[in-house]
$ cat query08.pdb   # PDB, C-alpha atoms
ATOM      1  CA  MET A   1     -54.565 123.172 146.676
ATOM      2  CA  LEU A   2     -56.287 123.595 146.156
ATOM      3  CA  SER A   3     -54.782 126.650 145.795
ATOM      4  CA  ARG A   4     -57.484 128.657 144.198
ATOM      5  CA  SER A   5     -58.678 132.153 143.397
ATOM      6  CA  PHE A   6     -62.115 130.751 144.181
ATOM      7  CA  LEU A   7     -61.530 131.712 147.850
ATOM      8  CA  ALA A   8     -61.201 135.346 146.955
ATOM      9  CA  SER A   9     -64.093 135.130 144.501
ATOM     10  CA  ALA A  10     -66.324 133.688 147.206
ATOM     11  CA  LEU A  11     -65.259 136.387 149.640
ATOM     12  CA  VAL A  12     -65.954 139.185 147.171
ATOM     13  CA  LEU A  13     -69.310 137.650 146.289
ATOM     14  CA  GLY A  14     -70.297 137.541 149.934
ATOM     15  CA  ALA A  15     -68.981 141.015 150.627
ATOM     16  CA  HIS A  16     -71.247 142.487 147.963
ATOM     17  CA  ALA A  17     -74.205 140.846 149.679
ATOM     18  CA  SER A  18     -73.223 141.871 153.189
ATOM     19  CA  GLN A  19     -70.466 143.770 154.958
ATOM     20  CA  HIS A  20     -70.664 141.377 157.877
ATOM     21  CA  PRO A  21     -68.810 138.078 158.261
ATOM     22  CA  PHE A  22     -70.598 134.945 157.169
ATOM     23  CA  PRO A  23     -71.887 132.719 159.970
ATOM     24  CA  ALA A  24     -69.875 129.603 160.690
ATOM     25  CA  PRO A  25     -71.367 126.531 159.032
ATOM     26  CA  GLN A  26     -71.295 124.624 162.330
ATOM     27  CA  ALA A  27     -71.712 126.574 165.536
ATOM     28  CA  ASP A  28     -70.171 123.736 167.550
ATOM     29  CA  CYS A  29     -67.223 123.250 165.187
ATOM     30  CA  VAL A  30     -64.129 124.696 166.847
ATOM     31  CA  SER A  31     -60.787 124.346 165.075
ATOM     32  CA  GLN A  32     -57.479 123.911 166.847
ATOM     33  CA  ASP A  33     -55.708 125.833 164.065
ATOM     34  CA  SER A  34     -53.854 129.045 164.840
ATOM     35  CA  PRO A  35     -55.678 132.327 164.191
ATOM     36  CA  ASN A  36     -55.016 134.442 161.130
ATOM     37  CA  GLN A  37     -52.539 137.157 162.142
ATOM     38  CA  HIS A  38     -51.735 138.642 158.738
ATOM     39  CA  ALA A  39     -55.071 139.671 157.183
ATOM     40  CA  GLN A  40     -54.699 143.332 158.156
ATOM     41  CA  GLN A  41     -51.145 143.382 156.817
ATOM     42  CA  TYR A  42     -52.410 142.254 153.394
ATOM     43  CA  PRO A  43     -55.911 143.772 153.171
ATOM     44  CA  ASN A  44     -56.281 143.330 149.404
ATOM     45  CA  PHE A  45     -55.653 139.592 149.459
ATOM     46  CA  ALA A  46     -57.746 136.698 150.665
ATOM     47  CA  ALA A  47     -55.662 135.654 153.665
ATOM     48  CA  GLY A  48     -55.862 132.738 156.045
ATOM     49  CA  ASN A  49     -53.973 129.789 157.458
ATOM     50  CA  LEU A  50     -53.608 126.444 155.714
ATOM     51  CA  ASN A  51     -52.874 123.351 157.801
ATOM     52  CA  GLY A  52     -52.559 119.726 156.789
ATOM     53  CA  THR A  53     -50.517 116.881 155.380
ATOM     54  CA  THR A  54     -48.837 117.066 151.973
ATOM     55  CA  LEU A  55     -47.299 113.882 150.605
ATOM     56  CA  ILE A  56     -45.150 113.481 147.516
ATOM     57  CA  VAL A  57     -46.136 110.332 145.653
ATOM     58  CA  PRO A  58     -43.635 109.108 143.051
ATOM     59  CA  ILE A  59     -45.504 107.718 140.046
ATOM     60  CA  SER A  60     -43.967 106.567 136.804
ATOM     61  CA  LEU A  61     -43.568 109.135 134.054
ATOM     62  CA  GLU A  62     -45.550 106.747 131.879
ATOM     63  CA  THR A  63     -48.472 106.881 134.322
ATOM     64  CA  ALA A  64     -48.115 110.649 134.697
ATOM     65  CA  ARG A  65     -48.265 111.046 130.942
ATOM     66  CA  GLN A  66     -51.433 108.911 130.843
ATOM     67  CA  VAL A  67     -53.328 110.922 133.473
ATOM     68  CA  ILE A  68     -52.085 114.471 132.750
ATOM     69  CA  PRO A  69     -53.758 116.052 129.698
ATOM     70  CA  ALA A  70     -51.570 115.604 126.648
ATOM     71  CA  GLU A  71     -51.406 119.341 125.901
ATOM     72  CA  TYR A  72     -49.428 119.982 129.114
ATOM     73  CA  GLY A  73     -45.744 119.146 129.009
ATOM     74  CA  ILE A  74     -43.802 117.856 132.016
ATOM     75  CA  VAL A  75     -40.749 119.915 133.007
ATOM     76  CA  GLU A  76     -38.650 117.016 134.256
ATOM     77  CA  LYS A  77     -35.503 119.158 134.330
ATOM     78  CA  ALA A  78     -37.104 121.519 136.870
ATOM     79  CA  TYR A  79     -37.827 118.899 139.507
ATOM     80  CA  ARG A  80     -34.529 117.086 138.946
ATOM     81  CA  GLU A  81     -32.652 120.322 139.639
ATOM     82  CA  LEU A  82     -34.426 120.451 143.006
ATOM     83  CA  LEU A  83     -34.235 116.683 143.634
ATOM     84  CA  PRO A  84     -31.058 115.331 142.005
ATOM     85  CA  LEU A  85     -31.589 111.875 143.558
ATOM     86  CA  PHE A  86     -35.227 111.504 142.558
ATOM     87  CA  PRO A  87     -35.658 108.084 140.909
ATOM     88  CA  GLU A  88     -35.224 107.924 137.160
ATOM     89  CA  GLY A  89     -38.390 107.526 135.151
ATOM     90  CA  MET A  90     -40.571 108.874 137.974
ATOM     91  CA  TYR A  91     -42.713 111.972 138.523
ATOM     92  CA  PRO A  92     -43.589 113.707 141.877
ATOM     93  CA  MET A  93     -47.384 113.826 142.221
ATOM     94  CA  MET A  94     -48.759 115.686 145.241
ATOM     95  CA  ALA A  95     -51.505 114.299 147.515
ATOM     96  CA  GLN A  96     -52.962 116.374 150.314
ATOM     97  CA  ILE A  97     -55.789 116.828 152.782
ATOM     98  CA  VAL A  98     -55.757 120.334 154.237
ATOM     99  CA  HIS A  99     -57.900 122.708 156.264
ATOM    100  CA  ASP A 100     -58.408 126.394 155.331
ATOM    101  CA  HIS A 101     -58.877 128.431 158.517
ATOM    102  CA  ASP A 102     -59.852 131.987 159.487
ATOM    103  CA  ILE A 103     -60.113 133.257 155.906
ATOM    104  CA  GLN A 104     -60.480 137.032 155.590
ATOM    105  CA  LEU A 105     -60.484 139.728 152.936
ATOM    106  CA  ALA A 106     -59.854 142.739 155.139
ATOM    107  CA  ALA A 107     -60.460 145.381 152.443
ATOM    108  CA  TYR A 108     -64.072 144.180 152.208
ATOM    109  CA  ASN A 109     -64.510 143.351 155.899
ATOM    110  CA  ALA A 110     -65.414 139.867 154.662
ATOM    111  CA  SER A 111     -64.698 136.401 155.965
ATOM    112  CA  LEU A 112     -65.389 132.873 154.832
ATOM    113  CA  PRO A 113     -66.138 129.884 157.088
ATOM    114  CA  ASP A 114     -63.451 127.256 157.478
ATOM    115  CA  PHE A 115     -63.466 124.271 155.151
ATOM    116  CA  SER A 116     -61.403 121.211 154.341
ATOM    117  CA  ARG A 117     -60.311 119.933 150.959
ATOM    118  CA  ALA A 118     -58.569 116.917 149.476
ATOM    119  CA  SER A 119     -56.848 116.627 146.126
ATOM    120  CA  LEU A 120     -54.271 115.051 143.873
ATOM    121  CA  GLU A 121     -52.222 117.750 142.158
ATOM    122  CA  PHE A 122     -49.610 117.720 139.429
ATOM    123  CA  PRO A 123     -46.714 120.229 139.576
ATOM    124  CA  PHE A 124     -43.980 121.055 137.059
ATOM    125  CA  LEU A 125     -46.282 121.293 134.068
ATOM    126  CA  ASP A 126     -45.428 123.335 130.983
ATOM    127  CA  ILE A 127     -48.531 125.013 129.562
ATOM    128  CA  PHE A 128     -46.662 127.397 127.218
ATOM    129  CA  GLY A 129     -44.256 125.027 125.553
ATOM    130  CA  ASP A 130     -41.256 127.035 126.715
ATOM    131  CA  GLY A 131     -39.674 124.073 128.495
ATOM    132  CA  HIS A 132     -39.102 125.800 131.833
ATOM    133  CA  SER A 133     -42.203 127.562 133.252
ATOM    134  CA  SER A 134     -43.724 125.328 135.937
ATOM    135  CA  PHE A 135     -47.434 125.309 136.753
ATOM    136  CA  ARG A 136     -49.513 123.001 138.947
ATOM    137  CA  TRP A 137     -52.664 121.326 137.639
ATOM    138  CA  ALA A 138     -55.505 120.854 140.118
ATOM    139  CA  GLY A 139     -58.461 119.600 138.107
ATOM    140  CA  THR A 140     -60.492 117.922 140.872
ATOM    141  CA  SER A 141     -61.052 118.572 144.553
ATOM    142  CA  MET A 142     -63.164 117.384 147.455
ATOM    143  CA  ILE A 143     -64.473 120.318 149.537
ATOM    144  CA  SER A 144     -66.513 120.438 152.741
ATOM    145  CA  ASP A 145     -70.175 120.111 151.806
ATOM    146  CA  ASN A 146     -71.246 122.702 154.398
ATOM    147  CA  ASN A 147     -69.379 125.511 152.607
ATOM    148  CA  PRO A 148     -71.364 126.225 149.412
ATOM    149  CA  LEU A 149     -69.465 129.446 148.662
ATOM    150  CA  ALA A 150     -66.150 127.607 148.485
ATOM    151  CA  ILE A 151     -67.713 124.874 146.348
ATOM    152  CA  GLU A 152     -69.401 127.284 143.927
ATOM    153  CA  GLY A 153     -66.284 129.416 143.652
ATOM    154  CA  ALA A 154     -64.148 126.387 142.777
ATOM    155  CA  GLN A 155     -66.655 125.185 140.189
ATOM    156  CA  GLY A 156     -66.721 128.658 138.641
ATOM    157  CA  TYR A 157     -62.968 128.430 138.311
ATOM    158  CA  GLY A 158     -63.306 125.306 136.144
ATOM    159  CA  MET A 159     -62.656 122.686 138.799
ATOM    160  CA  THR A 160     -64.585 119.444 139.278
ATOM    161  CA  VAL A 161     -65.725 119.525 142.906
ATOM    162  CA  TYR A 162     -67.192 116.780 145.064
ATOM    163  CA  PRO A 163     -69.048 118.155 148.101
ATOM    164  CA  SER A 164     -67.723 115.970 150.893
ATOM    165  CA  THR A 165     -67.643 115.205 154.583
ATOM    166  CA  PHE A 166     -64.333 115.128 156.425
ATOM    167  CA  ASP A 167     -62.999 113.288 159.459
ATOM    168  CA  PRO A 168     -62.125 115.275 161.468
ATOM    169  CA  PRO A 169     -64.704 117.905 160.435
ATOM    170  CA  CYS A 170     -63.044 121.002 161.899
ATOM    171  CA  ASP A 171     -59.321 120.311 161.634
ATOM    172  CA  ALA A 172     -56.734 119.080 159.172
ATOM    173  CA  TYR A 173     -56.161 115.737 160.946
ATOM    174  CA  ARG A 174     -56.624 113.888 164.207
ATOM    175  CA  THR A 175     -54.281 111.604 166.138
ATOM    176  CA  SER A 176     -55.084 107.893 166.003
ATOM    177  CA  PRO A 177     -54.427 105.440 168.870
ATOM    178  CA  ASN A 178     -51.454 104.086 166.887
ATOM    179  CA  GLY A 179     -49.790 107.508 166.991
ATOM    180  CA  ALA A 180     -50.446 108.392 163.365
ATOM    181  CA  THR A 181     -52.278 111.478 162.192
ATOM    182  CA  TYR A 182     -55.368 110.620 160.184
ATOM    183  CA  ALA A 183     -57.657 112.458 157.776
ATOM    184  CA  HIS A 184     -60.451 111.100 155.585
ATOM    185  CA  SER A 185     -62.809 112.634 153.051
ATOM    186  CA  GLN A 186     -65.926 111.047 151.579
ATOM    187  CA  SER A 187     -68.131 112.565 148.898
ATOM    188  CA  SER A 188     -71.777 113.213 149.731
ATOM    189  CA  ASN A 189     -74.845 113.321 147.432
ATOM    190  CA  SER A 190     -72.787 112.350 144.418
ATOM    191  CA  THR A 191     -73.142 109.683 141.781
ATOM    192  CA  ARG A 192     -69.417 109.035 142.203
ATOM    193  CA  ALA A 193     -68.444 107.804 145.677
ATOM    194  CA  SER A 194     -65.128 109.640 145.871
ATOM    195  CA  PHE A 195     -62.817 109.333 148.861
ATOM    196  CA  MET A 196     -59.332 110.053 150.111
ATOM    197  CA  THR A 197     -57.554 108.877 153.249
ATOM    198  CA  ILE A 198     -54.139 110.014 154.468
ATOM    199  CA  GLU A 199     -52.429 108.436 157.448
ATOM    200  CA  ALA A 200     -48.966 109.675 158.410
ATOM    201  CA  TRP A 201     -46.350 109.104 161.084
ATOM    202  CA  ASP A 202     -43.460 111.334 162.145
ATOM    203  CA  SER A 203     -40.546 110.209 160.012
ATOM    204  CA  LEU A 204     -37.462 108.797 161.713
ATOM    205  CA  GLU A 205     -35.636 108.869 158.380
ATOM    206  CA  ILE A 206     -34.404 111.818 156.369
ATOM    207  CA  VAL A 207     -37.297 112.938 154.212
ATOM    208  CA  PRO A 208     -36.127 112.985 150.575
ATOM    209  CA  TYR A 209     -38.113 116.168 149.877
ATOM    210  CA  PRO A 210     -36.676 119.196 151.698
ATOM    211  CA  LEU A 211     -39.050 121.902 152.830
ATOM    212  CA  ASP A 212     -37.750 124.151 150.041
ATOM    213  CA  PHE A 213     -39.128 121.626 147.559
ATOM    214  CA  ILE A 214     -42.566 121.787 149.221
ATOM    215  CA  LYS A 215     -42.325 125.585 149.142
ATOM    216  CA  ASN A 216     -41.567 125.450 145.434
ATOM    217  CA  ILE A 217     -44.411 123.194 144.364
ATOM    218  CA  THR A 218     -47.045 124.739 146.631
ATOM    219  CA  ASN A 219     -46.225 128.188 145.252
ATOM    220  CA  GLN A 220     -46.377 127.265 141.590
ATOM    221  CA  PRO A 221     -49.285 128.998 139.797
ATOM    222  CA  VAL A 222     -52.306 126.715 139.882
ATOM    223  CA  PHE A 223     -54.792 126.070 137.106
ATOM    224  CA  SER A 224     -57.796 123.877 136.374
ATOM    225  CA  ASN A 225     -57.771 124.971 132.771
ATOM    226  CA  THR A 226     -55.434 127.477 131.157
ATOM    227  CA  GLU A 227     -58.049 130.211 130.806
ATOM    228  CA  SER A 228     -56.843 131.636 134.132
ATOM    229  CA  CYS A 229     -54.301 130.932 136.849
ATOM    230  CA  ASP A 230     -54.340 131.298 140.605
ATOM    231  CA  TYR A 231     -51.186 132.983 141.920
ATOM    232  CA  TYR A 232     -51.757 131.680 145.412
ATOM    233  CA  GLU A 233     -48.845 132.073 147.835
ATOM    234  CA  ARG A 234     -47.972 130.130 150.978
ATOM    235  CA  LEU A 235     -45.693 131.997 153.400
ATOM    236  CA  PHE A 236     -42.902 129.938 154.948
ATOM    237  CA  ASN A 237     -41.177 132.776 156.829
ATOM    238  CA  THR A 238     -43.595 133.477 159.709
ATOM    239  CA  THR A 239     -43.874 132.378 163.319
ATOM    240  CA  LEU A 240     -46.348 129.700 162.212
ATOM    241  CA  THR A 241     -43.459 127.682 160.780
ATOM    242  CA  THR A 242     -41.339 127.878 163.953
ATOM    243  CA  GLY A 243     -41.439 126.468 167.458
ATOM    244  CA  ALA A 244     -44.366 124.252 168.432
ATOM    245  CA  THR A 245     -46.037 124.743 165.029
ATOM    246  CA  ALA A 246     -42.918 124.081 162.933
ATOM    247  CA  PRO A 247     -43.310 121.694 159.968
ATOM    248  CA  VAL A 248     -42.910 117.988 160.774
ATOM    249  CA  PRO A 249     -41.440 115.489 158.281
ATOM    250  CA  VAL A 250     -43.693 112.469 157.875
ATOM    251  CA  VAL A 251     -43.982 109.118 156.140
ATOM    252  CA  GLY A 252     -47.411 107.827 155.327
ATOM    253  CA  LYS A 253     -49.906 106.249 153.004
ATOM    254  CA  VAL A 254     -52.674 107.640 150.845
ATOM    255  CA  SER A 255     -55.679 105.871 149.367
ATOM    256  CA  THR A 256     -58.092 107.490 146.919
ATOM    257  CA  ASN A 257     -60.212 107.064 143.823
ATOM    258  CA  LEU A 258     -60.066 110.703 142.783
ATOM    259  CA  GLU A 259     -59.564 111.724 139.187
ATOM    260  CA  PRO A 260     -57.607 111.710 137.039
ATOM    261  CA  PHE A 261     -57.284 108.028 138.027
ATOM    262  CA  THR A 262     -60.162 105.834 136.926
ATOM    263  CA  GLN A 263     -59.679 103.154 139.612
ATOM    264  CA  SER A 264     -58.908 103.207 143.335
ATOM    265  CA  GLN A 265     -55.239 103.750 144.137
ATOM    266  CA  SER A 266     -53.130 103.247 147.255
ATOM    267  CA  TRP A 267     -49.539 104.305 147.868
ATOM    268  CA  GLY A 268     -47.542 103.472 151.001
ATOM    269  CA  GLY A 269     -44.160 104.486 152.361
ATOM    270  CA  VAL A 270     -44.430 107.943 150.807
ATOM    271  CA  PHE A 271     -42.817 110.974 152.406
ATOM    272  CA  GLY A 272     -43.915 114.536 152.947
ATOM    273  CA  TRP A 273     -44.642 117.160 155.553
ATOM    274  CA  ARG A 274     -47.304 117.995 158.083
ATOM    275  CA  LEU A 275     -47.321 121.777 158.202
ATOM    276  CA  ALA A 276     -49.298 124.958 158.670
ATOM    277  CA  THR A 277     -48.555 128.212 156.875
ATOM    278  CA  PRO A 278     -50.304 131.508 156.236
ATOM    279  CA  PHE A 279     -51.479 132.017 152.686
ATOM    280  CA  LEU A 280     -52.311 134.945 150.414
ATOM    281  CA  GLU A 281     -54.516 134.835 147.348
ATOM    282  CA  PRO A 282     -55.264 137.609 144.829
ATOM    283  CA  PRO A 283     -58.921 138.695 144.784
ATOM    284  CA  LEU A 284     -59.388 137.760 141.119
ATOM    285  CA  PRO A 285     -58.064 135.054 138.813
ATOM    286  CA  SER A 286     -55.191 136.156 136.586
ATOM    287  CA  GLU A 287     -54.065 135.449 133.066
ATOM    288  CA  CYS A 288     -51.599 132.581 133.004
ATOM    289  CA  LYS A 289     -48.160 133.932 132.105
ATOM    290  CA  PRO A 290     -44.769 132.267 131.628
ATOM    291  CA  THR A 291     -42.593 132.408 134.742
TER     292      THR A 291
END
$ encode --input "query08.pdb" --output "structure tokens"
Amino acid sequence: MLSRSFLASALVLGAHASQHPFPAPQADCVSQDSPNQHAQQYPNFAAGNLNGTTLIVPISLETARQVIPAEYGIVEKAYRELLPLFPEGMYPMMAQIVHDHDIQLAAYNASLPDFSRASLEFPFLDIFGDGHSSFRWAGTSMISDNNPLAIEGAQGYGMTVYPSTFDPPCDAYRTSPNGATYAHSQSSNSTRASFMTIEAWDSLEIVPYPLDFIKNITNQPVFSNTESCDYYERLFNTTLTTGATAPVPVVGKVSTNLEPFTQSQSWGGVFGWRLATPFLEPPLPSECKPT
């Protein structure tokens, strides 16, 4: 989120073809993101930095049940334990536009060019029927159209992918004249004109979703289908989440026509965080197991 083992798969694929880093897709595309400082510490993982805006969008449980495949249960108890004041009859969908930066698999001396992605994701899903194991469903994603390895890897993992252009092209967001941060994705060469826009302002109110909640949902095992899971991990205990690069609580709006919705949607006054963290991803997809 997409959290995906497709990153590692793409890196391994490229490493078999060449022991040299892949060329950047745009020579003039320079990101403002912080460099990867943990790849050598975790040489057997795909490692990089993930920066962007993650918003929690409350939707009705009725709507959630309509758009989430019927075979996946919703572990309402799990998110209510974390958010005791979350409105009754509602479900916390996740919307995000993020930028994957400086991705390396040190054991293979391999790297992958930066790319952006946009998605709607659905945490706290029960795929085993045990009533407590929480997984996150990410069935569809928009990915930078100039990174075919990332696109092909995601598709191989079972995900529907729309090759897309992003504004800004090399970073997770840009600052608008009105003081908001802005990010937009638009599908390219597709029969479905998919899009997502996130605009967010620093929140002057207390954000109802503490950072520990974001840590929880972004570290739930991710799946597109239950044949395999991605045990992707975001690290919240590094220097990237302190000082000038510390997470910022935000309030914003998101507009999109991405699946699983069949019509364009827009949600305003939703809260979340603008943050950057390192991430680690196993080199291969894993069997989904109860947590």
$ closest_residue --input "query08.pdb" --among "A:Asn51, A:Ser255, A:Ser224, A:Thr238" --to "His184 (chain A)" --atoms "all atoms listed in the file"
A:Ser255
$ closest_residue --input "query08.pdb" --among "A:Ser194, A:Ser60, A:Thr245, A:Gln263" --to "Gln32 (chain A)" --atoms "all atoms listed in the file"
A:Thr245
$ atom_distance --input "query08.pdb" --atom1 "CA of Cys288 (chain A)" --atom2 "CA of Lys215 (chain A)"
19.9 Å
$ axis_aligned_box --input "query08.pdb" --around "region 257-274 of chain A" --padding-each-side "5 Å" --output "JSON"
{"center_x": -51.5, "center_y": 110.6, "center_z": 147.5, "size_x": 27.4, "size_y": 24.8, "size_z": 31.2}
$ residues_around --input "query08.pdb" --residues "Asn178 (chain A)" --least-positions-apart "5" --cutoff "12 Å" --atoms "all atoms listed in the file" --output "list in words"
Glu199, Ala200, Trp201 and Asp202 of chain A
$ resolve_selection --input "query08.pdb" --expression "the PyMOL selection byres ((chain A and resi 122) around 6)" --output "ChimeraX atom specification"
/A:93,121,123,136-137
$ closest_residue --input "query08.pdb" --among "A:Val67, A:Ala107, A:Ile214, A:Ala47" --to "Thr262 (chain A)" --atoms "all atoms listed in the file"
A:Val67
$ resolve_selection --input "query08.pdb" --expression "the PyMOL selection byres ((chain A and resi 71) around 12)" --output "MDAnalysis selection string"
chainID A and resid 65:70 72:74 125:129 137 225:226
$ resolve_selection --input "query08.pdb" --expression "the PyMOL selection byres ((chain A and resi 268) around 8)" --output "ChimeraX atom specification"
/A:252-254,266-267,269-270
$ residues_around --input "query08.pdb" --residues "Leu258 (chain A)" --least-positions-apart "6" --cutoff "8 Å" --atoms "all atoms listed in the file" --output "list of chain:residue names"
A:Ser119, A:Leu120, A:Thr140, A:Ser194, A:Phe195, A:Met196, A:Ser264
$ residues_near_point --input "query08.pdb" --point "(-41.3, 123.0, 152.0)" --cutoff "10 Å" --atoms "only C-alpha atoms" --output "list in words"
Thr54, Tyr209, Pro210, Leu211, Asp212, Phe213, Ile214, Lys215, Asn216, Ile217, Thr218, Asn219, Arg234, Phe236, Pro247, Pro249, Gly272, Trp273, Arg274 and Leu275 of chain A
$ build_atoms --input "query08.pdb" --residues "region 128-136 of chain A" --atoms "all heavy atoms" --output "short mmCIF file (atom, residue, chain, number, x, y, z; two decimals), in the coordinates of the input"
data_model
loop_
_atom_site.label_atom_id
_atom_site.label_comp_id
_atom_site.auth_asym_id
_atom_site.auth_seq_id
_atom_site.Cartn_x
_atom_site.Cartn_y
_atom_site.Cartn_z
N PHE A 128 -47.01 126.46 128.29
CA PHE A 128 -46.66 127.40 127.22
C PHE A 128 -45.70 126.81 126.20
O PHE A 128 -45.39 127.46 125.20
CB PHE A 128 -46.06 128.67 127.81
CG PHE A 128 -47.06 129.55 128.52
CD1 PHE A 128 -47.14 129.56 129.89
CD2 PHE A 128 -47.94 130.34 127.78
CE1 PHE A 128 -48.08 130.35 130.55
CE2 PHE A 128 -48.87 131.14 128.42
CZ PHE A 128 -48.95 131.14 129.81
N GLY A 129 -45.20 125.63 126.48
CA GLY A 129 -44.26 125.03 125.55
C GLY A 129 -42.89 125.67 125.56
O GLY A 129 -42.12 125.52 124.60
N ASP A 130 -42.56 126.38 126.66
CA ASP A 130 -41.26 127.04 126.72
C ASP A 130 -40.19 126.16 127.38
O ASP A 130 -39.03 126.54 127.45
CB ASP A 130 -41.35 128.39 127.41
CG ASP A 130 -41.80 128.31 128.87
OD1 ASP A 130 -41.83 127.19 129.44
OD2 ASP A 130 -42.12 129.36 129.45
N GLY A 131 -40.61 125.03 127.94
CA GLY A 131 -39.67 124.07 128.50
C GLY A 131 -39.17 124.39 129.88
O GLY A 131 -38.35 123.63 130.42
N HIS A 132 -39.64 125.49 130.50
CA HIS A 132 -39.10 125.80 131.83
C HIS A 132 -40.14 126.38 132.80
O HIS A 132 -39.94 126.28 134.02
CB HIS A 132 -37.92 126.76 131.72
CG HIS A 132 -38.26 128.11 131.18
ND1 HIS A 132 -38.78 129.12 131.95
CD2 HIS A 132 -38.17 128.62 129.93
CE1 HIS A 132 -38.99 130.20 131.21
NE2 HIS A 132 -38.62 129.92 129.97
N SER A 133 -41.21 126.99 132.33
CA SER A 133 -42.20 127.56 133.25
C SER A 133 -43.01 126.44 133.89
O SER A 133 -43.60 125.61 133.19
CB SER A 133 -43.14 128.52 132.51
OG SER A 133 -42.42 129.63 132.00
N SER A 134 -43.05 126.41 135.22
CA SER A 134 -43.72 125.33 135.94
C SER A 134 -45.05 125.81 136.52
O SER A 134 -45.10 126.81 137.24
CB SER A 134 -42.84 124.79 137.06
OG SER A 134 -41.71 124.11 136.55
N PHE A 135 -46.10 125.07 136.22
CA PHE A 135 -47.43 125.31 136.75
C PHE A 135 -47.95 124.02 137.40
O PHE A 135 -47.44 122.93 137.11
CB PHE A 135 -48.40 125.76 135.64
CG PHE A 135 -48.07 127.11 135.06
CD1 PHE A 135 -47.03 127.25 134.15
CD2 PHE A 135 -48.80 128.23 135.43
CE1 PHE A 135 -46.73 128.50 133.61
CE2 PHE A 135 -48.50 129.47 134.91
CZ PHE A 135 -47.46 129.61 134.00
N ARG A 136 -48.95 124.17 138.26
CA ARG A 136 -49.51 123.00 138.95
C ARG A 136 -50.98 122.82 138.55
O ARG A 136 -51.78 123.74 138.72
CB ARG A 136 -49.38 123.16 140.47
CG ARG A 136 -49.65 121.87 141.22
CD ARG A 136 -49.25 121.97 142.69
NE ARG A 136 -50.30 122.52 143.53
CZ ARG A 136 -50.25 123.69 144.14
NH1 ARG A 136 -49.19 124.47 143.99
NH2 ARG A 136 -51.24 124.10 144.90
#
